[in-house]
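Visitor: Before I ask anything, here is the structure I am working with.
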Amino acid sequence: MENTKDLTENSSRSERKRRDSFGMFDGYDSCSEDTSSSSSSEESEEEVAPLPSNLPIIKNNGQVYTYPDGKSGMATCEMCGMVGVRDAFYSKTKRFCSVSCSRSYSSNSKKASILARLQVTGKPPTKKAKVLQKQPLVAKLAAYAQYQATLQNQAKTKAAAVSIEGFSWGNYINSNSFIAAPVTCFKHAPMGTCWGDISENVRVEVPNTDCSLPTKVFWIAGIIKLAGYNALLRYEGFENDSGLDFWCNICGSDIHPVGWCAASGKPLVPPRTIQHKYTNWKAFLVKRLTGAKTLPPDFSQKVSESMQYPFKPCMRVEVVDKRHLCRTRVAVVESVIGGRLRLVYEDSEDRTDDFWCHMHSPLIHHIGWSRSIGHRFKRSDITKKQDGHFDTPPHLFAKVKEVDQSGEWFKEGMKLEAIDPLNLSTICVATIRKVLADGFLMIGIDGSEAADGSDWFCYHATSPSIFPVGFCEINMIELTPPRGYTKLPFKWFDYLRETGSIAAPVKLFNKDVPNHGFRVGMKLEAVDLMEPRLICVATVTRIIHRLLRIHFDGWEEEYDQWVDCESPDLYPVGWCQLTGYQLQPPASQSSRESQSGSSKQKKKAKSQQYKGHKKMTTLQLKDELLDGEDYNFLQGASDQESNGSANFYIKQEP
């Protein structure tokens, strides 16, 4: 007997060792392999009932699972009458739902249990009998209910996750053959600087949804197509069959490098649809995966680290006043989502006066920044910091390029071209109104300035949102002339002579053009800077060196926005899903007509307001804007690494 016991134990240990590097078991390749093992418990001493030969099996840590198939997948507890999934039952014979039922049965308590039930209900236990206040059994019922729901919803769950509005990036890209901007285009986004060579044909381990097992199992899939963070995957073994292809976020918690299942003790089970194709799945995987690429072993750790943000709630910052562009106010970080900050102005009584921006936005600064450079600042009515609020460390803010203002530099009255922060689809004739410290400039749009300068806005000298005179002409961009200027078409030579002005020297502008990787037609997720709390489905429609024309899908071109290629307000496809931010789907014609009270209609009203400015005086314009809704501003990017030149600028001399 001792020798027999030793042989059995050795057999059990060798079986556990036979799990290969893919997490599969040799036992999967043979349905007739002996699955018995010794046990010291009373209930395991009985003989093992043979498994049906037509059911494929897989072994994991000594546990045998079968694919539930009608009655063969169910069992009834002989002690309490509980009905549940056979594989979840206790003992080899699957006669009892728990250890307690097994022991109760073996201690001759079955008769007492039946008599007690007859006294209460007057009926003997049936297959549908339930045991109240027995948590393990309730859990088994829940598991079986989940298994039934899985079978019913397989057709729905095999596709990519669909938002509440019914929008799916995967369906949208597939049905239109769109191309998404790669993650490497977005240095500020998670994994933007460490994406590596993740590309098509990379293999990963993912949950197997084509399976009737009540437990979560995995299989290997290959990347067919990449769209930002999203990947179109196909299970290994399907060859050219796309019937079960599915989209998922490659940074999601269920995506793992090949070998993860083996290291974690998770089972690899081939999809039910193709189980008949091979008898030796281990050999198949060895052949298919030899020389193939997979995710780095620390991929999930890198994803987690790249989604850690230094800004925390209750931090105080200085941010542009959305009602008066010319000044800043103190605001407090209310929440952080994917690096985007919801800031609440400190003097907001009901905490609804807020502003959204990215933590790397050039619109936010450390406390004391305005005073240090000579920028206008609105003092808060609050005389001291509220409990728990603290100043954000200065080193957390985006750094701007240092400039030398001692030599030739910008001067008040110089002319240039600038993106209008109140109408981001236009580049306008503008004037430098004030030169601040550290390279910052106050700029006004010619023809629409308030007399007191309350609509001036601040750009850094290296900002990608300002351009030398002639930039639009040489790059075939429509330049918006000063409001009320009647001598059209607009000519810089004539305008400079008429106003007695000079153009800002070309050499003072930022001429760096990074190798950003964007291409016309690429899809992405972009902030609607006229409503900066919204992130929308968008397309790159024009590229002028480092300047991108962003179009919001489903909306007219008048809502397009000029954005820098390194703007922190652009994100890869799948960013909203990854961070939990709500994505605004493309607008349909019907929705555009019906959304009379939506933010997009408010945006359209603003656009119409801008179009009518030619008929307004400066004071009328100021009064209308101040009486209307909040200002929202362009959030450009600070100067970064580049590889471009200045040959796309021209200089016109009067």
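Residue numbers start at 1 in each chain; chains themselves are named A, B, ... in the order of the structure tokens; ligands are numbered from 1 in the order shown.
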Env of stretch 536-540 of chain A: 7 Å cut, atoms = only C-alpha atoms, seq-sep filter 2 positions within chain, self excluded. Answer as an MDAnalysis selection string.
Guide: chainID A and resid 520:528 534 542 548:553 583:586
Visitor: Would you output that residue set with C-alpha atoms, as a PDB file, in the first residue's frame?
Guide:
```pdb
ATOM      1  CA  VAL A 520      -3.631  63.662 -42.996  1.00  0.00           C
ATOM      2  CA  GLY A 521      -6.684  61.486 -42.377  1.00  0.00           C
ATOM      3  CA  MET A 522      -5.504  59.991 -39.089  1.00  0.00           C
ATOM      4  CA  LYS A 523      -8.102  59.524 -36.365  1.00  0.00           C
ATOM      5  CA  LEU A 524      -7.636  60.589 -32.755  1.00  0.00           C
ATOM      6  CA  GLU A 525      -9.463  61.878 -29.696  1.00  0.00           C
ATOM      7  CA  ALA A 526      -9.281  65.650 -29.274  1.00  0.00           C
ATOM      8  CA  VAL A 527     -10.437  68.203 -26.736  1.00  0.00           C
ATOM      9  CA  ASP A 528     -13.059  70.629 -27.990  1.00  0.00           C
ATOM     10  CA  LEU A 534     -15.480  67.542 -23.927  1.00  0.00           C
ATOM     11  CA  ARG A 542      -4.306  69.466 -42.685  1.00  0.00           C
ATOM     12  CA  LEU A 548      -2.515  70.488 -37.282  1.00  0.00           C
ATOM     13  CA  ARG A 549      -6.014  71.227 -38.477  1.00  0.00           C
ATOM     14  CA  ILE A 550      -8.371  69.161 -36.285  1.00  0.00           C
ATOM     15  CA  HIS A 551     -11.853  68.348 -37.575  1.00  0.00           C
ATOM     16  CA  PHE A 552     -14.571  67.012 -35.270  1.00  0.00           C
ATOM     17  CA  ASP A 553     -16.272  64.128 -37.051  1.00  0.00           C
ATOM     18  CA  LEU A 583     -15.844  60.225 -25.296  1.00  0.00           C
ATOM     19  CA  GLN A 584     -18.201  62.285 -27.451  1.00  0.00           C
ATOM     20  CA  PRO A 585     -19.140  60.244 -30.562  1.00  0.00           C
ATOM     21  CA  PRO A 586     -19.377  61.721 -34.073  1.00  0.00           C
TER      22      PRO A 586
END
```
Visitor: Do you know which residues are at most 7 Å from A:Lys415 counting only C-alpha atoms, after dropping those on the same chain fewer than 3 positions away, and could you put them as a list in words?
Guide: Ala430, Thr431, Ile432, Ser501, Ile502, Ala503 and Ala504 of chain A
Visitor: Hey, what's within 9 Å of A:His375 if we count only C-alpha atoms and toss same-chain stuff fewer than 3 positions away? As a PyMOL selection string, please?
Guide: chain A and resi 326-328+369-372+436-437+440+442+458
Visitor: Which residues are near A:Val320? Cut-off 9 Å, only C-alpha atoms, ignore same chain within fewer than 2 positions. Put them as a PyMOL selection string.
Guide: chain A and resi 318+322-330+363-364+377+633
Visitor: The selected residues should be written to file as a compact mmCIF listing (two decimals), in the first residue's frame (atoms: all heavy atoms).
Guide:
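After the write, out32.txt holds the following:
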```
# COMPACT_ATOMS: atom_id res chain seq x y z
N GLU A 318 -2.36 78.86 -10.43
CA GLU A 318 -2.85 80.04 -11.12
C GLU A 318 -3.25 79.61 -12.53
O GLU A 318 -2.48 78.92 -13.21
CB GLU A 318 -1.79 81.13 -11.18
CG GLU A 318 -1.52 81.81 -9.85
CD GLU A 318 -0.56 82.98 -9.97
OE1 GLU A 318 -0.24 83.38 -11.12
OE2 GLU A 318 -0.12 83.50 -8.93
N LYS A 322 -11.28 82.43 -17.36
CA LYS A 322 -12.00 82.12 -18.60
C LYS A 322 -12.98 83.22 -18.99
O LYS A 322 -13.49 83.21 -20.11
CB LYS A 322 -12.73 80.79 -18.47
CG LYS A 322 -13.81 80.74 -17.41
CD LYS A 322 -14.42 79.35 -17.37
CE LYS A 322 -15.55 79.26 -16.35
NZ LYS A 322 -16.13 77.89 -16.31
N ARG A 323 -13.22 84.19 -18.11
CA ARG A 323 -14.10 85.31 -18.47
C ARG A 323 -13.33 86.56 -18.86
O ARG A 323 -13.90 87.48 -19.43
CB ARG A 323 -15.05 85.61 -17.32
CG ARG A 323 -16.11 84.54 -17.12
CD ARG A 323 -17.12 84.92 -16.03
NE ARG A 323 -18.19 83.95 -15.99
CZ ARG A 323 -18.16 82.80 -15.34
NH1 ARG A 323 -17.04 82.47 -14.69
NH2 ARG A 323 -19.18 81.98 -15.34
N HIS A 324 -12.06 86.59 -18.52
CA HIS A 324 -11.21 87.72 -18.90
C HIS A 324 -9.84 87.15 -19.27
O HIS A 324 -9.04 86.82 -18.39
CB HIS A 324 -11.07 88.72 -17.75
CG HIS A 324 -12.36 89.36 -17.35
ND1 HIS A 324 -13.25 88.76 -16.50
CD2 HIS A 324 -12.91 90.55 -17.71
CE1 HIS A 324 -14.30 89.56 -16.33
NE2 HIS A 324 -14.12 90.64 -17.06
N LEU A 325 -9.58 87.10 -20.57
CA LEU A 325 -8.36 86.46 -21.04
C LEU A 325 -7.09 87.10 -20.50
O LEU A 325 -6.06 86.45 -20.41
CB LEU A 325 -8.30 86.52 -22.57
CG LEU A 325 -9.23 85.63 -23.38
CD1 LEU A 325 -10.65 86.12 -23.36
CD2 LEU A 325 -8.74 85.54 -24.82
N CYS A 326 -7.17 88.38 -20.16
CA CYS A 326 -5.96 89.13 -19.84
C CYS A 326 -5.42 88.86 -18.45
O CYS A 326 -4.35 89.36 -18.10
CB CYS A 326 -6.25 90.63 -19.99
SG CYS A 326 -7.49 91.22 -18.81
N ARG A 327 -6.11 88.07 -17.63
CA ARG A 327 -5.67 87.90 -16.26
C ARG A 327 -5.77 86.44 -15.82
O ARG A 327 -6.38 85.60 -16.49
CB ARG A 327 -6.49 88.77 -15.32
CG ARG A 327 -7.93 88.32 -15.15
CD ARG A 327 -8.74 89.31 -14.34
NE ARG A 327 -10.10 88.81 -14.08
CZ ARG A 327 -11.07 89.53 -13.54
NH1 ARG A 327 -10.83 90.80 -13.20
NH2 ARG A 327 -12.26 89.01 -13.33
N THR A 328 -5.16 86.14 -14.69
CA THR A 328 -5.23 84.80 -14.11
C THR A 328 -5.96 84.86 -12.78
O THR A 328 -6.14 85.93 -12.19
CB THR A 328 -3.83 84.21 -13.90
OG1 THR A 328 -3.08 85.08 -13.04
CG2 THR A 328 -3.11 84.05 -15.22
N ARG A 329 -6.36 83.68 -12.30
CA ARG A 329 -7.02 83.54 -11.00
C ARG A 329 -6.47 82.31 -10.30
O ARG A 329 -5.88 81.42 -10.94
CB ARG A 329 -8.54 83.39 -11.17
CG ARG A 329 -9.22 84.56 -11.80
CD ARG A 329 -10.66 84.20 -12.21
NE ARG A 329 -11.52 83.85 -11.09
CZ ARG A 329 -12.79 83.44 -11.25
NH1 ARG A 329 -13.30 83.31 -12.46
NH2 ARG A 329 -13.52 83.15 -10.19
N VAL A 330 -6.68 82.25 -9.02
CA VAL A 330 -6.29 81.06 -8.26
C VAL A 330 -7.41 80.03 -8.38
O VAL A 330 -8.59 80.35 -8.26
CB VAL A 330 -6.03 81.40 -6.78
CG1 VAL A 330 -5.81 80.12 -5.97
CG2 VAL A 330 -4.83 82.31 -6.64
N LEU A 363 -1.63 77.04 -19.85
CA LEU A 363 -2.57 77.97 -19.22
C LEU A 363 -2.54 77.91 -17.70
O LEU A 363 -3.21 78.71 -17.04
CB LEU A 363 -4.00 77.68 -19.71
CG LEU A 363 -4.23 77.83 -21.21
CD1 LEU A 363 -5.66 77.51 -21.57
CD2 LEU A 363 -3.86 79.24 -21.68
N ILE A 364 -1.81 76.98 -17.12
CA ILE A 364 -1.73 76.90 -15.66
C ILE A 364 -0.29 77.13 -15.21
O ILE A 364 0.67 76.79 -15.91
CB ILE A 364 -2.24 75.54 -15.13
CG1 ILE A 364 -1.43 74.37 -15.71
CG2 ILE A 364 -3.72 75.37 -15.44
CD1 ILE A 364 -1.77 73.03 -15.08
N PHE A 377 -3.57 89.86 -12.57
CA PHE A 377 -4.02 88.79 -11.70
C PHE A 377 -5.23 89.27 -10.89
O PHE A 377 -5.24 90.39 -10.37
CB PHE A 377 -2.88 88.38 -10.75
CG PHE A 377 -3.25 87.38 -9.71
CD1 PHE A 377 -3.38 86.04 -10.03
CD2 PHE A 377 -3.47 87.76 -8.39
CE1 PHE A 377 -3.71 85.11 -9.07
CE2 PHE A 377 -3.80 86.84 -7.42
CZ PHE A 377 -3.93 85.50 -7.76
N PHE A 633 -10.15 78.83 -24.10
CA PHE A 633 -8.96 79.25 -24.81
C PHE A 633 -8.21 78.10 -25.45
O PHE A 633 -8.30 76.96 -25.02
CB PHE A 633 -8.00 79.96 -23.86
CG PHE A 633 -8.69 80.96 -22.99
CD1 PHE A 633 -8.88 80.72 -21.65
CD2 PHE A 633 -9.20 82.12 -23.54
CE1 PHE A 633 -9.54 81.63 -20.86
CE2 PHE A 633 -9.84 83.03 -22.74
CZ PHE A 633 -10.02 82.80 -21.40
```
Visitor: Just list as a ChimeraX atom specification whatever in stretch 261-501 of chain A DSSP marks as helix (DSSP H, G or I).
Guide: /A:261-264,272-277,281-289,299-306,369-373,394-396,437-439,471-474,492-499
Visitor: How many Å separate atom CA of A:Pro464 from atom CA of A:Asp420?
Guide: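 Interatomic distance here is 12.6 Å.
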Visitor: So, with only C-alpha atoms as the atoms that count, which of A:Pro394, A:Gly237, A:Gly222, A:Gly439 lies closest to A:Lys277?
Guide: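 The shortest atom-to-atom distance to A:Lys277 comes from A:Gly237.
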Visitor: Quick one: DSSP strand (DSSP E) residues in stretch 370-409 of chain A, as a ChimeraX atom specification?
Guide: /A:376-377,390-391
Visitor: So that I have them on file, write out the residues from the current selection with all heavy atoms, as an mmCIF file, in the first residue's frame.
Guide:
```
data_model
loop_
_atom_site.group_PDB
_atom_site.id
_atom_site.type_symbol
_atom_site.label_atom_id
_atom_site.label_comp_id
_atom_site.auth_asym_id
_atom_site.auth_seq_id
_atom_site.Cartn_x
_atom_site.Cartn_y
_atom_site.Cartn_z
ATOM 1 N N ARG A 376 -1.366 90.360 -15.359
ATOM 2 C CA ARG A 376 -2.506 90.776 -14.553
ATOM 3 C C ARG A 376 -3.084 89.579 -13.793
ATOM 4 O O ARG A 376 -3.119 88.465 -14.294
ATOM 5 C CB ARG A 376 -3.580 91.416 -15.444
ATOM 6 C CG ARG A 376 -3.154 92.750 -16.017
ATOM 7 C CD ARG A 376 -4.172 93.310 -16.997
ATOM 8 N NE ARG A 376 -5.450 93.612 -16.366
ATOM 9 C CZ ARG A 376 -6.472 94.190 -17.017
ATOM 10 N NH1 ARG A 376 -6.339 94.507 -18.306
ATOM 11 N NH2 ARG A 376 -7.608 94.444 -16.388
ATOM 12 N N PHE A 377 -3.571 89.862 -12.574
ATOM 13 C CA PHE A 377 -4.024 88.790 -11.697
ATOM 14 C C PHE A 377 -5.227 89.269 -10.890
ATOM 15 O O PHE A 377 -5.238 90.385 -10.373
ATOM 16 C CB PHE A 377 -2.880 88.384 -10.751
ATOM 17 C CG PHE A 377 -3.245 87.380 -9.709
ATOM 18 C CD1 PHE A 377 -3.383 86.039 -10.035
ATOM 19 C CD2 PHE A 377 -3.469 87.765 -8.394
ATOM 20 C CE1 PHE A 377 -3.714 85.106 -9.073
ATOM 21 C CE2 PHE A 377 -3.804 86.842 -7.425
ATOM 22 C CZ PHE A 377 -3.930 85.501 -7.759
ATOM 23 N N PHE A 390 -3.154 73.392 -0.649
ATOM 24 C CA PHE A 390 -1.736 73.725 -0.590
ATOM 25 C C PHE A 390 -1.235 74.070 -1.992
ATOM 26 O O PHE A 390 -1.783 73.610 -2.992
ATOM 27 C CB PHE A 390 -0.924 72.570 0.000
ATOM 28 C CG PHE A 390 -1.059 71.264 -0.740
ATOM 29 C CD1 PHE A 390 -0.080 70.857 -1.645
ATOM 30 C CD2 PHE A 390 -2.164 70.438 -0.549
ATOM 31 C CE1 PHE A 390 -0.195 69.654 -2.330
ATOM 32 C CE2 PHE A 390 -2.280 69.232 -1.226
ATOM 33 C CZ PHE A 390 -1.301 68.840 -2.112
ATOM 34 N N ASP A 391 -0.197 74.887 -2.053
ATOM 35 C CA ASP A 391 0.345 75.349 -3.332
ATOM 36 C C ASP A 391 1.056 74.202 -4.061
ATOM 37 O O ASP A 391 1.794 73.430 -3.453
ATOM 38 C CB ASP A 391 1.326 76.499 -3.115
ATOM 39 C CG ASP A 391 0.645 77.731 -2.533
ATOM 40 O OD1 ASP A 391 -0.603 77.740 -2.496
ATOM 41 O OD2 ASP A 391 1.359 78.659 -2.102
#
```
Visitor: Can you pull out the residues contacting stretch 190-204 of chain A? Cut-off 7 Å, using only C-alpha atoms, and skip same-chain residues under 6 positions away; I want them as a PyMOL selection string.
Guide: chain A and resi 183-184+220-226+255-258+292-295+303+306-307
Visitor: Take atom CA of A:Thr480 and atom CA of A:Thr499 and report the distance between them in Å, one decimal.
Guide: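 Computing it gives 16.9 Å between the two atoms.
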Visitor: When distances are computed from only C-alpha atoms, which of A:Gly339, A:Ile543, A:Val469, A:Val332 shows the smallest separation from A:Phe355?
Guide: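 Closest residue, counting only C-alpha atoms: A:Val332.
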Visitor: If I take atom CA of A:Met315 and atom CA of A:Cys357, how far is one from the other in Å, to one decimal?
Guide: 14.4 Å
Visitor: Using only C-alpha atoms, which residue out of A:Pro270, A:Pro313, A:Pro297, A:Pro482 lies closest to A:Thr209?
Guide: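 Checking each candidate against A:Thr209, we get A:Pro270 as the closest.
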Visitor: Which one is closest to A:Ser588: A:Trp456, A:Glu558, A:Asp438, A:Phe167? Count only C-alpha atoms.
Guide: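 Distance minimum relative to A:Ser588 lands on A:Phe167.
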